[in-house]
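Shown next, in structure tokens, is the structure this report addresses.
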Amino acid sequence: MNTQTDNTRTRALRLGVAGPVGTGKSSVVATLCRSLRHEFQIGVITNDIYTDEDARFLRAEGVLPVERIRAVETGACPHTAIRDDVTMNLLAVEDLEKDFAPLDIVLIESGGDNLTATFSPSLVDAQIFVIDVAGGGDVARKGGPGIGRADLLIVNKVDLGEHVDVDVEQMLKDARAARAGAPVLAHSKKYPDTEKALCDWVRHLHEAHVNGTHVPTDPGPMAPHFHATEDGGYIHRHGDEAHPHVHR
Ligand SMILES: Nc1nc2c(ncn2[C@@H]2O[C@H](COP(=O)(O)OP(=O)(O)OP(=O)(O)O)[C@@H](O)[C@H]2O)c(=O)[nH]1
Ligand SMILES: [Mg+2]
């Protein structure tokens with residue numbers, strides 16, 4: 001699939017998958033690998049704070065040759081490594097692309113984080129944000145850069161609506177209202193038609209990447225906030241683009 005003419009891009013499409021803890025990011029990555037691996041050369045980078053749990057899950061699922069799935073252990077809240085300082089991830093992506101050249105698509109899963117985490121456009125060409133029905137019907141109304149401006153918003157686990165008393169149609173309506181026409185996909189790993197719609201979206205994105213018509217956009221920074229240690233002696237600040245880290 002990786003073809004080159006004078007007007008086409010040959011670097012792999014770098015596609016981020018972010019969203020709160022447990023919404024189904026790894027399952028989405030697994031579906032994409034399983035469904036697209038015969039059409040595209042794919043590699044995966046996962047991000048976790050202390051473990052390589054996501055990479056282990058994907059390797060165990062057998063969705064790709066194990067060596068094409070690499071873990072970045074961020075050692076800090078994952079949004080740091082996908083937004084504030086993407087060096088570890090960029091090195092991992094570049095190594096993967098070099099070792100398995102030519103790759104068509106590199107999927108980068110963010111560690112499960114909160115509603116404010118998005119990828120830096122210096123790391124990914126496009127990003128999917130995943131929320132799920134089980135997290136509550138009001139999540140779509142809570143907004144944030146991922147929900148509002150990611151290239152694709154997945155409302156995942158739509159099979160669970162009736163089990164968790166969520167009106168899925170209303171949640172989808174709220175999601176669309178938050179996105180000014182940008183795409184929203186109702187998705188479930190139990191519903192093959194929704195998996196096909198996801199794969200078609202990625203196919204179109206890859207085509208646009210190759211022919212140069214896809215323009216990466218930045219969903220915008222997370223809201224400024226702080227992390228403090230228990231003794232209060234160290235404060236880590238995120239979300240202020242001019243001063244991404246303040247330590248004192
Ligand atoms: N019913 C249902 N369960 C799902 C679906 N997708 C994922 N799950 C389940 O949700 C749980 C979390 O899925 P993961 O794919 O690990 O979620 P994640 O966002 O990668 O989780 P973290 O990386 O820990 O943040 C697992 O038990 C999955 O089997 C779905 O479409 N429907
Ligand atoms: Mg995961």
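In the structure tokens, chains take the letters A, B, ... in the order shown, each chain's residues start at 1, and ligands count up from 1 in the order shown.
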Exercise answer, 9 Å around ligand 2 with only C-alpha atoms and all ligand atoms, as a PyMOL selection string: chain A and resi 21-27+29+46-48+53-55+57-58+109-112
Determine, for each residue of stretch 111-171 of chain A having at least one atom at most 12 Å from an atom of stretch 93-100 of chain A, the closest pair of atoms and their separation in Å to one decimal, counting only C-alpha atoms; order by chain and ascending number, as JSON lines.
```
{"residue": "A:Ser122", "atom": "CA", "partner": "A:Val93", "partner_atom": "CA", "distance": 12.0}
{"residue": "A:Leu123", "atom": "CA", "partner": "A:Val93", "partner_atom": "CA", "distance": 8.8}
{"residue": "A:Val124", "atom": "CA", "partner": "A:Val93", "partner_atom": "CA", "distance": 10.0}
```
Taking into account only C-alpha atoms, which residue in the set A:Leu90, A:Val155, A:Cys33, A:Val210 is nearest to A:Ile69? A:Cys33
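The shortest atom-to-atom distance to ligand 1, with only C-alpha atoms and all ligand atoms taken into account, belongs to A:Asn156 out of A:Asn156, A:Asn114, A:Thr74, A:Ser120.
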Would you compute the distance between atom CA of A:Asp174 and atom CA of A:Glu162? Give it in Å to one decimal. 17.7 Å
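Residues within 9 Å of A:Val130, counting only C-alpha atoms and excluding same-chain residues fewer than 2 positions away, are A:Val17, A:Ala18, A:Gly19, A:Pro20, A:Thr23, A:Gly24, A:Lys25, A:Val28, A:Ile128, A:Asp132, A:Gly146, A:Ile147, A:Leu152, A:Leu153, A:Ile154, A:Val155, A:Asn156.
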